[in-house]
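Listing of start_12.txt; format and content: compact mmCIF, C-alpha atoms and all ligand atoms.
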# COMPACT_ATOMS: atom_id res chain seq x y z
CA MET A 15 -194.02 138.09 89.24
CA LYS A 16 -197.46 137.30 90.69
CA SER A 17 -197.90 138.81 94.14
CA GLN A 18 -198.88 136.48 96.98
CA THR A 19 -201.27 136.80 99.85
CA THR A 20 -199.47 138.74 102.58
CA LYS A 21 -201.57 137.51 105.50
CA GLN A 22 -199.52 135.30 107.80
CA LYS A 23 -200.96 131.80 108.11
CA LYS A 24 -201.47 130.70 111.71
CA ILE A 25 -200.11 127.24 112.41
CA THR A 26 -200.26 124.72 115.24
CA ILE A 27 -197.81 121.82 115.22
CA LEU A 28 -198.74 118.65 117.06
CA GLY A 29 -195.41 116.89 117.65
CA SER A 30 -193.12 119.90 117.21
CA THR A 31 -190.11 118.15 118.81
CA GLY A 32 -190.11 115.27 116.30
CA SER A 33 -188.45 114.96 112.93
CA ILE A 34 -191.43 116.37 110.98
CA GLY A 35 -192.07 118.98 113.68
CA CYS A 36 -188.48 120.26 113.52
CA ASN A 37 -188.56 120.32 109.70
CA ALA A 38 -191.82 122.27 109.85
CA LEU A 39 -190.25 124.81 112.20
CA ASP A 40 -187.33 125.12 109.76
CA VAL A 41 -189.90 126.00 107.10
CA VAL A 42 -191.46 128.63 109.36
CA ARG A 43 -187.96 129.95 110.16
CA SER A 44 -187.29 130.32 106.41
CA PHE A 45 -190.59 132.13 105.74
CA PRO A 46 -191.30 134.22 108.86
CA GLU A 47 -193.36 136.69 106.88
CA GLN A 48 -195.74 133.93 105.74
CA PHE A 49 -196.27 131.77 108.81
CA LYS A 50 -196.92 132.34 112.50
CA ILE A 51 -196.74 129.59 115.12
CA ILE A 52 -199.74 129.61 117.46
CA GLY A 53 -199.45 126.23 119.17
CA LEU A 54 -196.76 123.61 119.79
CA SER A 55 -197.08 120.17 121.35
CA ALA A 56 -194.30 117.95 122.67
CA TYR A 57 -194.21 114.79 124.73
CA SER A 58 -190.88 114.09 126.44
CA ASN A 59 -188.35 116.47 124.90
CA ILE A 60 -188.94 119.51 127.10
CA ASP A 61 -185.46 120.99 126.56
CA LEU A 62 -186.05 121.22 122.82
CA LEU A 63 -189.58 122.50 123.38
CA LYS A 64 -188.20 125.34 125.54
CA LYS A 65 -185.86 126.40 122.73
CA GLN A 66 -188.78 126.32 120.30
CA ILE A 67 -190.95 128.42 122.63
CA LYS A 68 -188.18 131.04 122.95
CA GLU A 69 -187.75 131.25 119.20
CA PHE A 70 -191.32 130.94 117.88
CA LYS A 71 -193.27 132.44 120.79
CA PRO A 72 -196.44 130.33 120.59
CA GLN A 73 -199.52 131.31 122.59
CA PHE A 74 -200.36 127.70 123.46
CA VAL A 75 -198.25 124.69 124.37
CA SER A 76 -199.15 121.12 125.24
CA VAL A 77 -196.94 118.65 127.14
CA ALA A 78 -197.38 115.15 128.55
CA ASP A 79 -197.30 115.76 132.31
CA GLU A 80 -198.17 118.25 135.05
CA ASN A 81 -194.59 118.51 136.27
CA SER A 82 -193.26 119.71 132.91
CA ALA A 83 -196.22 122.07 132.63
CA TYR A 84 -195.47 123.53 136.07
CA ASN A 85 -191.84 124.18 135.13
CA LEU A 86 -192.78 125.75 131.82
CA GLU A 87 -195.40 127.97 133.49
CA LYS A 88 -192.72 129.35 135.82
CA GLU A 89 -190.43 130.18 132.90
CA PHE A 90 -192.97 131.38 130.32
CA LYS A 91 -195.59 133.59 131.94
CA ASN A 92 -197.66 134.53 128.89
CA ILE A 93 -198.33 131.10 127.49
CA THR A 94 -201.28 128.82 128.10
CA ILE A 95 -200.00 125.35 128.90
CA PHE A 96 -202.10 122.22 128.49
CA THR A 97 -201.27 118.72 129.65
CA GLY A 98 -201.84 115.08 128.78
CA LYS A 99 -204.31 113.67 126.28
CA GLU A 100 -206.82 116.39 127.17
CA GLY A 101 -204.07 118.93 126.46
CA LEU A 102 -203.57 117.60 122.95
CA LYS A 103 -207.32 117.96 122.44
CA GLN A 104 -207.37 121.51 123.74
CA ILE A 105 -204.49 122.67 121.58
CA SER A 106 -205.88 121.02 118.46
CA ILE A 107 -209.23 122.83 118.70
CA ILE A 108 -207.74 126.33 118.84
CA LYS A 109 -208.76 128.03 115.62
CA VAL A 110 -205.81 128.38 113.24
CA ASP A 111 -205.29 128.19 109.47
CA ILE A 112 -203.51 124.82 109.60
CA VAL A 113 -202.93 122.13 112.19
CA LEU A 114 -199.90 120.04 111.26
CA CYS A 115 -200.48 116.54 112.67
CA ALA A 116 -196.97 115.21 113.28
CA VAL A 117 -197.15 113.10 116.42
CA VAL A 118 -196.27 109.47 115.87
CA GLY A 119 -198.73 106.60 116.04
CA ALA A 120 -202.34 106.02 117.00
CA VAL A 121 -202.19 108.67 119.73
CA GLY A 122 -202.69 111.24 116.96
CA LEU A 123 -206.19 110.03 116.06
CA GLU A 124 -208.24 111.91 118.65
CA PRO A 125 -206.51 115.31 118.32
CA LEU A 126 -206.81 114.98 114.53
CA LEU A 127 -210.57 114.44 114.81
CA ASN A 128 -210.85 117.27 117.33
CA ALA A 129 -209.03 119.63 114.98
CA ILE A 130 -211.32 118.68 112.08
CA GLU A 131 -214.46 119.04 114.19
CA ASN A 132 -213.33 122.55 115.05
CA LYS A 133 -213.01 123.36 111.34
CA ASN A 134 -209.23 123.51 111.25
CA ASN A 135 -207.55 122.60 107.97
CA ILE A 136 -205.14 119.71 108.39
CA ALA A 137 -201.66 119.04 107.05
CA ILE A 138 -201.31 115.33 107.76
CA ALA A 139 -197.96 113.64 108.32
CA ASN A 140 -199.18 111.27 111.05
CA LYS A 141 -200.28 108.35 108.85
CA GLU A 142 -201.30 105.85 111.53
CA PRO A 143 -204.72 107.49 112.23
CA LEU A 144 -205.58 107.32 108.53
CA VAL A 145 -204.66 103.63 108.51
CA MET A 146 -206.66 102.81 111.64
CA ALA A 147 -209.71 105.00 110.99
CA GLY A 148 -209.58 106.34 107.44
CA ARG A 149 -213.34 106.07 106.90
CA LEU A 150 -214.07 108.04 110.06
CA ILE A 151 -211.55 110.78 109.28
CA THR A 152 -212.55 111.32 105.66
CA LYS A 153 -216.24 111.40 106.67
CA LYS A 154 -215.49 114.12 109.24
CA VAL A 155 -213.41 116.06 106.70
CA LYS A 156 -216.42 116.14 104.35
CA GLU A 157 -218.89 116.98 107.13
CA HIS A 158 -216.83 119.93 108.34
CA ALA A 159 -215.64 121.01 104.86
CA VAL A 160 -211.96 121.27 105.82
CA LYS A 161 -208.86 120.54 103.77
CA LEU A 162 -206.81 117.39 104.43
CA ILE A 163 -203.44 118.03 102.80
CA PRO A 164 -200.90 115.21 102.67
CA VAL A 165 -197.39 115.77 104.00
CA ASP A 166 -196.00 112.29 103.45
CA SER A 167 -193.71 112.89 100.44
CA GLU A 168 -195.30 110.22 98.21
CA HIS A 169 -198.83 111.40 98.97
CA SER A 170 -197.89 115.03 98.51
CA ALA A 171 -196.44 113.97 95.13
CA ILE A 172 -199.65 112.20 94.06
CA PHE A 173 -201.78 115.07 95.41
CA GLN A 174 -199.76 117.53 93.31
CA CYS A 175 -199.98 115.32 90.18
CA LEU A 176 -203.76 115.08 90.61
CA ILE A 177 -204.40 118.83 90.79
CA GLY A 178 -206.71 119.66 87.89
CA HIS A 179 -207.44 115.98 87.17
CA ASP A 180 -210.48 113.84 87.89
CA VAL A 181 -209.48 110.88 90.05
CA ASN A 182 -211.89 108.78 87.95
CA THR A 183 -209.46 109.10 85.01
CA VAL A 184 -206.65 107.44 86.99
CA GLU A 185 -205.57 103.95 85.96
CA LYS A 186 -202.93 103.57 88.65
CA ILE A 187 -200.78 105.49 91.08
CA TYR A 188 -197.23 104.49 91.99
CA LEU A 189 -195.75 105.18 95.41
CA THR A 190 -191.96 105.06 95.39
CA ALA A 191 -189.86 103.44 98.11
CA SER A 192 -186.13 103.74 98.59
CA GLY A 193 -186.06 100.16 99.87
CA GLY A 194 -184.67 101.15 103.27
CA PRO A 195 -181.27 100.23 104.71
CA PHE A 196 -181.56 96.45 104.19
CA TYR A 197 -182.94 96.09 100.71
CA ASN A 198 -179.92 94.14 99.46
CA LYS A 199 -179.45 91.98 102.56
CA SER A 200 -180.29 88.26 102.52
CA ILE A 201 -183.19 86.91 104.60
CA LYS A 202 -180.61 85.24 106.87
CA ASP A 203 -178.81 88.56 107.47
CA LEU A 204 -182.11 90.30 108.19
CA GLU A 205 -182.54 88.11 111.26
CA LYS A 206 -179.49 89.71 112.85
CA VAL A 207 -180.10 93.39 112.28
CA THR A 208 -180.21 95.60 115.36
CA PRO A 209 -182.55 98.54 116.14
CA ALA A 210 -179.57 100.92 115.77
CA GLU A 211 -178.97 99.63 112.22
CA ALA A 212 -182.66 99.71 111.38
CA ILE A 213 -183.10 103.38 112.24
CA LYS A 214 -180.25 104.45 109.94
CA HIS A 215 -182.22 105.17 106.79
CA PRO A 216 -180.02 105.62 103.69
CA ARG A 217 -181.96 108.58 102.25
CA TRP A 218 -184.25 110.18 104.82
CA SER A 219 -183.57 111.32 108.37
CA MET A 220 -186.74 110.45 110.28
CA GLY A 221 -188.14 109.41 113.67
CA LYS A 222 -187.47 105.95 115.07
CA LYS A 223 -190.82 104.31 114.32
CA ILE A 224 -191.11 105.34 110.68
CA SER A 225 -187.44 104.43 110.09
CA ILE A 226 -188.09 100.88 111.28
CA ASP A 227 -191.31 100.72 109.26
CA SER A 228 -189.27 101.79 106.24
CA ALA A 229 -186.74 99.03 106.89
CA THR A 230 -189.49 96.34 107.03
CA LEU A 231 -191.39 98.03 104.15
CA MET A 232 -194.44 98.14 106.44
CA ASN A 233 -194.25 101.89 105.91
CA LYS A 234 -195.11 101.40 102.23
CA GLY A 235 -197.96 99.09 103.24
CA LEU A 236 -199.33 101.74 105.61
CA GLU A 237 -198.91 104.27 102.79
CA ILE A 238 -201.07 102.16 100.44
CA ILE A 239 -203.92 102.36 102.98
CA GLU A 240 -203.20 106.06 103.57
CA ALA A 241 -203.44 106.68 99.80
CA MET A 242 -206.72 104.77 99.53
CA TRP A 243 -208.34 107.20 101.96
CA LEU A 244 -206.63 110.37 100.79
CA PHE A 245 -207.44 109.84 97.12
CA GLY A 246 -210.51 107.58 97.23
CA LEU A 247 -208.77 104.78 95.31
CA GLN A 248 -209.07 101.00 95.54
CA GLU A 249 -205.99 99.07 96.65
CA SER A 250 -205.76 97.51 93.15
CA LYS A 251 -205.01 100.96 91.73
CA ILE A 252 -201.99 101.53 93.98
CA ASP A 253 -198.57 100.09 93.20
CA VAL A 254 -195.26 100.35 95.01
CA VAL A 255 -191.95 100.65 93.16
CA ILE A 256 -188.43 100.57 94.54
CA HIS A 257 -186.61 103.72 93.53
CA PRO A 258 -183.39 103.93 95.58
CA GLN A 259 -182.53 107.50 94.51
CA SER A 260 -185.69 108.92 96.24
CA ILE A 261 -186.09 111.73 93.72
CA VAL A 262 -189.34 110.67 92.07
CA HIS A 263 -191.81 110.56 94.95
CA GLY A 264 -194.94 109.45 93.13
CA LEU A 265 -196.38 108.81 89.66
CA VAL A 266 -199.91 108.87 88.28
CA GLU A 267 -200.89 106.90 85.20
CA PHE A 268 -204.11 107.97 83.51
CA PHE A 269 -206.42 105.77 81.39
CA ASP A 270 -205.26 107.55 78.24
CA GLY A 271 -201.68 106.35 78.79
CA ASN A 272 -200.30 109.70 79.93
CA MET A 273 -198.24 109.55 83.07
CA LEU A 274 -197.30 112.36 85.43
CA ALA A 275 -194.42 112.10 87.89
CA HIS A 276 -193.49 114.30 90.79
CA LEU A 277 -189.79 114.92 91.45
CA GLY A 278 -188.22 116.75 94.32
CA PRO A 279 -185.17 116.82 96.59
CA THR A 280 -185.09 114.23 99.37
CA ASP A 281 -186.17 116.72 101.99
CA MET A 282 -189.44 116.74 103.97
CA LYS A 283 -189.37 120.53 104.09
CA LEU A 284 -190.67 120.62 100.52
CA PRO A 285 -193.95 118.73 101.07
CA ILE A 286 -194.37 120.54 104.40
CA LEU A 287 -193.98 123.92 102.71
CA PHE A 288 -196.47 122.90 100.00
CA SER A 289 -198.99 121.80 102.63
CA PHE A 290 -198.63 125.22 104.30
CA THR A 291 -198.97 127.31 101.13
CA TYR A 292 -201.60 125.20 99.32
CA PRO A 293 -203.51 126.07 97.15
CA GLU A 294 -200.78 128.60 96.37
CA ARG A 295 -197.11 127.85 95.83
CA SER A 296 -194.23 129.55 97.52
CA LEU A 297 -192.27 131.82 95.22
CA LYS A 298 -189.05 130.94 97.04
CA SER A 299 -187.55 127.45 97.39
CA ILE A 300 -185.78 125.72 100.24
CA LYS A 301 -183.79 123.30 98.11
CA LYS A 302 -183.65 122.40 94.43
CA ILE A 303 -182.63 119.37 92.37
CA ASN A 304 -179.57 119.63 90.18
CA ILE A 305 -180.72 118.33 86.77
CA LYS A 306 -177.64 116.07 86.59
CA GLU A 307 -179.02 114.10 89.55
CA LEU A 308 -181.71 112.79 87.18
CA SER A 309 -179.36 110.90 84.89
CA ASN A 310 -179.65 107.59 86.72
CA LEU A 311 -183.16 106.99 88.03
CA THR A 312 -184.13 103.36 88.46
CA PHE A 313 -187.45 101.65 89.27
CA ASP A 314 -188.14 98.06 90.20
CA TYR A 315 -190.90 95.99 91.81
CA PRO A 316 -190.34 95.19 95.51
CA ASP A 317 -189.34 91.77 96.78
CA GLU A 318 -192.40 90.90 98.89
CA LYS A 319 -190.90 87.54 99.87
CA LYS A 320 -187.99 89.19 101.61
CA PHE A 321 -190.21 91.98 102.98
CA PRO A 322 -193.53 90.27 103.81
CA CYS A 323 -194.94 93.31 105.66
CA LEU A 324 -195.80 94.93 102.35
CA LYS A 325 -197.79 91.91 101.20
CA ILE A 326 -199.52 91.62 104.58
CA ALA A 327 -200.60 95.27 104.43
CA ARG A 328 -201.85 94.80 100.87
CA ILE A 329 -204.04 91.86 101.90
CA VAL A 330 -205.36 93.89 104.84
CA ALA A 331 -206.11 96.81 102.52
CA GLN A 332 -208.14 94.50 100.26
CA GLY A 333 -210.06 93.07 103.21
CA GLY A 334 -211.15 96.38 104.69
CA GLY A 335 -213.28 96.48 107.85
CA LEU A 336 -211.23 97.11 110.95
CA GLN A 337 -208.33 94.96 109.75
CA PRO A 338 -206.19 98.08 109.11
CA THR A 339 -206.78 99.06 112.75
CA VAL A 340 -205.53 95.61 113.76
CA LEU A 341 -202.55 95.92 111.42
CA ASN A 342 -201.57 99.30 112.79
CA ALA A 343 -201.87 98.44 116.48
CA SER A 344 -200.03 95.11 116.16
CA ASN A 345 -197.28 96.75 114.12
CA GLU A 346 -196.83 99.59 116.65
CA VAL A 347 -196.42 97.06 119.47
CA ALA A 348 -194.12 94.81 117.43
CA VAL A 349 -191.88 97.73 116.41
CA GLN A 350 -191.68 98.92 120.02
CA SER A 351 -190.78 95.38 121.16
CA PHE A 352 -188.05 95.19 118.52
CA CYS A 353 -186.65 98.52 119.75
CA GLU A 354 -186.64 97.13 123.30
CA GLY A 355 -184.69 94.06 122.13
CA LYS A 356 -187.56 91.65 122.91
CA ILE A 357 -187.97 90.33 119.36
CA ARG A 358 -185.86 90.11 116.21
CA PHE A 359 -186.32 92.31 113.16
CA THR A 360 -187.79 89.36 111.24
CA ASP A 361 -190.24 88.68 114.08
CA ILE A 362 -192.06 91.95 113.39
CA TYR A 363 -193.97 90.54 110.43
CA LYS A 364 -194.50 87.19 112.18
CA VAL A 365 -196.14 88.91 115.15
CA VAL A 366 -198.36 91.08 112.96
CA GLU A 367 -199.32 88.09 110.84
CA LYS A 368 -200.18 85.97 113.89
CA VAL A 369 -202.45 88.69 115.29
CA LEU A 370 -204.15 89.17 111.92
CA GLU A 371 -204.67 85.41 111.55
CA GLN A 372 -207.15 85.62 114.42
CA ASN A 373 -209.50 87.30 111.92
CA LEU A 374 -210.79 89.87 114.34
CA TYR A 375 -213.23 92.54 113.27
CA THR A 376 -213.05 91.73 109.55
CA ASN A 377 -216.57 92.74 108.58
CA CYS A 378 -216.97 95.83 110.70
CA ASN A 379 -217.20 98.73 108.25
CA ASN A 380 -219.62 100.93 110.13
CA TYR A 381 -217.38 101.83 113.01
CA ASN A 382 -217.28 104.86 115.28
CA LEU A 383 -214.42 106.33 117.31
CA GLU A 384 -215.24 104.28 120.39
CA THR A 385 -215.10 101.02 118.39
CA VAL A 386 -211.75 101.97 116.84
CA LEU A 387 -210.24 102.87 120.22
CA ASN A 388 -211.53 99.63 121.78
CA VAL A 389 -210.17 97.53 118.93
CA ASP A 390 -206.82 99.34 119.13
CA LYS A 391 -206.60 98.65 122.87
CA GLU A 392 -207.68 95.02 122.56
CA VAL A 393 -205.24 94.31 119.72
CA ARG A 394 -202.34 95.81 121.68
CA LYS A 395 -203.10 93.35 124.49
CA LYS A 396 -203.32 90.44 122.05
CA THR A 397 -200.04 91.48 120.42
CA HIS A 398 -198.19 91.56 123.76
CA GLU A 399 -199.59 88.10 124.43
CA THR A 400 -198.45 86.88 120.98
CA ILE A 401 -194.97 88.24 121.67
CA ARG A 402 -194.87 86.46 125.04
CA GLN A 403 -195.78 83.16 123.32
CA LEU A 404 -193.19 83.69 120.60
CA THR A 405 -190.35 84.48 122.96
CA LYS A 406 -190.96 82.04 125.82
N1 LIG B 501 -190.06 111.80 109.69
C1 LIG B 501 -190.44 111.82 108.44
O1 LIG B 501 -189.67 112.19 107.55
C2 LIG B 501 -191.84 111.42 108.08
C3 LIG B 501 -192.21 111.37 106.73
C4 LIG B 501 -193.53 111.05 106.40
C5 LIG B 501 -194.45 110.79 107.39
N2 LIG B 501 -194.07 110.82 108.69
C6 LIG B 501 -195.06 110.52 109.73
O2 LIG B 501 -195.15 111.63 110.62
C7 LIG B 501 -195.36 111.21 111.96
C8 LIG B 501 -194.24 111.74 112.83
O3 LIG B 501 -193.03 111.15 112.43
P1 LIG B 501 -191.62 111.63 112.99
O4 LIG B 501 -190.60 110.87 112.23
O5 LIG B 501 -191.57 113.11 113.02
O6 LIG B 501 -191.69 111.06 114.48
P2 LIG B 501 -190.77 111.44 115.73
O7 LIG B 501 -189.52 112.08 115.28
O8 LIG B 501 -190.68 110.23 116.56
O9 LIG B 501 -191.63 112.56 116.47
C9 LIG B 501 -192.85 112.24 117.10
C10 LIG B 501 -193.44 113.46 117.79
O10 LIG B 501 -194.59 113.03 118.50
C11 LIG B 501 -194.42 113.30 119.92
N3 LIG B 501 -195.00 112.18 120.64
C12 LIG B 501 -194.50 110.94 120.78
N4 LIG B 501 -195.31 110.18 121.54
C13 LIG B 501 -196.34 110.98 121.92
C14 LIG B 501 -197.50 110.78 122.73
N5 LIG B 501 -197.76 109.60 123.32
N6 LIG B 501 -198.33 111.83 122.90
C15 LIG B 501 -198.09 113.02 122.30
N7 LIG B 501 -197.02 113.27 121.52
C16 LIG B 501 -196.16 112.24 121.33
C17 LIG B 501 -192.92 113.42 120.12
O11 LIG B 501 -192.65 114.22 121.27
P3 LIG B 501 -191.22 114.17 122.07
O12 LIG B 501 -190.16 114.17 121.01
O13 LIG B 501 -191.24 115.45 122.85
O14 LIG B 501 -191.21 112.96 122.91
C18 LIG B 501 -192.51 114.10 118.82
O15 LIG B 501 -192.79 115.47 118.88
C19 LIG B 501 -195.41 109.67 111.91
O16 LIG B 501 -196.73 109.25 111.87
C20 LIG B 501 -194.71 109.32 110.61
O17 LIG B 501 -195.18 108.13 110.03
C21 LIG B 501 -192.79 111.14 109.05
Reformat the file's structure so that it appears as structure tokens.
Amino acid sequence: MKSQTTKQKKITILGSTGSIGCNALDVVRSFPEQFKIIGLSAYSNIDLLKKQIKEFKPQFVSVADENSAYNLEKEFKNITIFTGKEGLKQISIIKVDIVLCAVVGAVGLEPLLNAIENKNNIAIANKEPLVMAGRLITKKVKEHAVKLIPVDSEHSAIFQCLIGHDVNTVEKIYLTASGGPFYNKSIKDLEKVTPAEAIKHPRWSMGKKISIDSATLMNKGLEIIEAMWLFGLQESKIDVVIHPQSIVHGLVEFFDGNMLAHLGPTDMKLPILFSFTYPERSLKSIKKINIKELSNLTFDYPDEKKFPCLKIARIVAQGGGLQPTVLNASNEVAVQSFCEGKIRFTDIYKVVEKVLEQNLYTNCNNYNLETVLNVDKEVRKKTHETIRQLTK
């Protein structure tokens, strides 16, 4: 058997207390000889963070507020503790082999850019920054010659299928979607679903926001834009297929008619492990597919009438400019409002659509970070206003 590099890879996890963060720490726990945790960041879950500090002994930690930092400093004497937005920046610029970006939402954009600027390779789970500022991120990745390795299972699948292939020979890529918990519900029934029902994904156990995005299929829309930036493909080359078994995560069709598919267990630890070992592969697995599970794999085109978010995201992807930034910010606010019981599940797409109808920032392709952050802030305000109008 081929021997592997013995040097431990140093890893920082932004968002270690979340679903991806915990899966990543499971990976590190399974391969302690290969990976060493250097930095961890959390936001509100300090109890879990404390357990993680005790087990993984990071040198650096970042938390949201001074009070939590003060308590952690008393308990853990040999750790440097950072706080707030500045803290996320400081932890992301510490030189490591890989920064895993696994916070949720737009808040991950600045630390991601900071990590790239400091020449850290990135394993990217946090898709929202790529949606809101894909051009900016991919430009920085090139400038600083770092790796941007996808963690999202579909993008990891496509990335793996493309190894050794020229992207210019690709006719189409297919991102698979389980369909979420409500795929077979009627439009009428969708109006009544609760946040608790929406976060119960049938196949994946994930954080709240991505679970709701999966239920509206906005997640697949965001993933189309994510794939455009990760692989340098036009929207017209990216298709979504409903595959309820969640075993095939992505397919690539080449011009010559050959098609490659990536299959794997429904477990985020696999793409996370691959992002950590790339360009090598681990010689040990975490989980494997039983070949009998492959006897009934089905694929179908999504119902965009019942799940308009997918269509909305596709139109946004075609339009370009800062429309994806608008899409992301309005969706984040709408999802949060649904979780707070302010709007119905079926209002999420209506809110996003109403904000997009204002045709803001359509032609702005030459944006910088300041522009993106201003647009994000402005759109959040407009979305709250739209929700107030809708619910009064
Ligand atoms: N979960 C999956 O299987 C999956 C799959 C593919 C892609 N992704 C993507 O990966 C990202 C993370 O998803 P997730 O499901 O792991 O989310 P999650 O479970 O909600 O975890 C989010 C993490 O971000 C931290 N966080 C939340 N708000 C923050 C803020 N304002 N500032 C700094 N940190 C903050 C949380 O800290 P506390 O918990 O301490 O509050 C937590 O560590 C998302 O962009 C998602 O789309 C997830």
May I have the residues within 8 Å of His215 of chain A as a PDB file with C-alpha atoms, in the frame of the given file, using all atoms listed in the file and disregarding those fewer than 4 positions away in the same chain?
ATOM      1  CA  GLY A 194    -184.670 101.150 103.270  1.00  0.00           C
ATOM      2  CA  PRO A 195    -181.270 100.230 104.710  1.00  0.00           C
ATOM      3  CA  SER A 219    -183.570 111.320 108.370  1.00  0.00           C
ATOM      4  CA  MET A 220    -186.740 110.450 110.280  1.00  0.00           C
ATOM      5  CA  SER A 225    -187.440 104.430 110.090  1.00  0.00           C
ATOM      6  CA  SER A 228    -189.270 101.790 106.240  1.00  0.00           C
ATOM      7  CA  ALA A 229    -186.740  99.030 106.890  1.00  0.00           C
TER       8      ALA A 229
END
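Considering all atoms listed in the file, the residue among A:Met282, A:Ala137, A:Ile305, A:Leu189 positioned nearest to ligand LIG 501 (chain B) is A:Met282.
With a cut-off of 6 Å and using all atoms listed in the file, the polymer residues contacting ligand LIG 501 (chain B) are Gly29, Ser30, Thr31, Gly32, Ser33, Ile34, Gly35, Ala56, Tyr57, Ser58, Asn59, Ala116, Val117, Val118, Gly119, Val121, Ala139, Asn140, Lys141, Glu142, Asp166, Met220, Gly221, Lys222, Ile224 and Met282 of chain A.
Take the candidates A:Asp317, A:Glu69, A:Asp79, A:Glu346 and check each one against Lys199 of chain A using only C-alpha atoms; the shortest distance goes to A:Asp317.
The spacing separating atom CA of Ser289 of chain A from atom CA of Ile163 of chain A amounts to 5.8 Å.
Residue nearest Lys234 of chain A, chosen from A:Arg394, A:Lys21, A:Lys325, A:His179 and counting all atoms listed in the file: A:Lys325.
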| What lies within 6 Å of segment 360-376 of chain A using all atoms listed in the file, ignoring chain neighbours under 2 positions off, as an MDAnalysis selection string? | chainID A and resid 205 323 335:337 344:345 348 357:358 378
| Expressed in Å to a single decimal, how great is the separation between atom CA of Ala210 of chain A and atom CA of Lys406 of chain A? | 24.2 Å
| message | Neighbouring residues of segment 90-97 of chain A were defined as those with any atom within 9 Å, considering all atoms listed in the file; residues of the same chain fewer than 6 positions away were excluded. Please report them as a ChimeraX atom specification. | response | /A:55,67-68,71-80,82-84,104-105
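Compared by their closest atoms to Asn342 of chain A, and using all atoms listed in the file, the residues A:Val160, A:Ala147, A:Ala171, A:Val165 rank with A:Ala147 nearest.
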| Do you have the atom CA of Asp314 of chain A-atom CA of Gly235 of chain A distance handy? | 16.4 Å
| request: Find the residues near Gly271 of chain A: any atom within 12 Å, counting only C-alpha atoms, skip ones fewer than 5 places away on the same chain, and give them as a PyMOL selection string. | output: chain A and resi 183-186+266
Export, as an mmCIF file, in the frame of the given file, the selected residues with C-alpha atoms.
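After the write, part_13.cif holds the following:
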data_model
loop_
_atom_site.group_PDB
_atom_site.id
_atom_site.type_symbol
_atom_site.label_atom_id
_atom_site.label_comp_id
_atom_site.auth_asym_id
_atom_site.auth_seq_id
_atom_site.Cartn_x
_atom_site.Cartn_y
_atom_site.Cartn_z
ATOM 1 C CA THR A 183 -209.460 109.100 85.010
ATOM 2 C CA VAL A 184 -206.650 107.440 86.990
ATOM 3 C CA GLU A 185 -205.570 103.950 85.960
ATOM 4 C CA LYS A 186 -202.930 103.570 88.650
ATOM 5 C CA VAL A 266 -199.910 108.870 88.280
#
| query | Which residues, protein or nucleic acid, reach to within 12 Å of (-204.6, 123.3, 104.3) in the file's coordinates when using only C-alpha atoms, and can you give that as a ChimeraX atom specification? | reply | /A:23-26,110-115,130,133-138,155,159-165,286-294
| task | Check the smallest atom-to-atom distance from each of A:Leu236, A:Leu274, A:Leu127, A:Met146 to Val389 of chain A using all atoms listed in the file, then report the winner. | result | A:Met146
| said: At a cut-off of 9 Å around the point (-188.3, 98.6, 96.1) (file coordinates), what residues fall inside when counting only C-alpha atoms? I'd like the answer as number ranges by chain. | reply: A: 190-194, 197, 231, 254-258, 313-317
| said: Can you tell me which residues surround Leu277 of chain A at a distance of at most 6 Å, considering all atoms listed in the file, apart from same-chain residues fewer than 4 positions away, and format the answer as a PyMOL selection string? | reply: chain A and resi 261-263
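Proximity ranking of A:Met273, A:Leu204, A:Ala331, A:Cys175 relative to Ile239 of chain A places A:Ala331 first, based on all atoms listed in the file.
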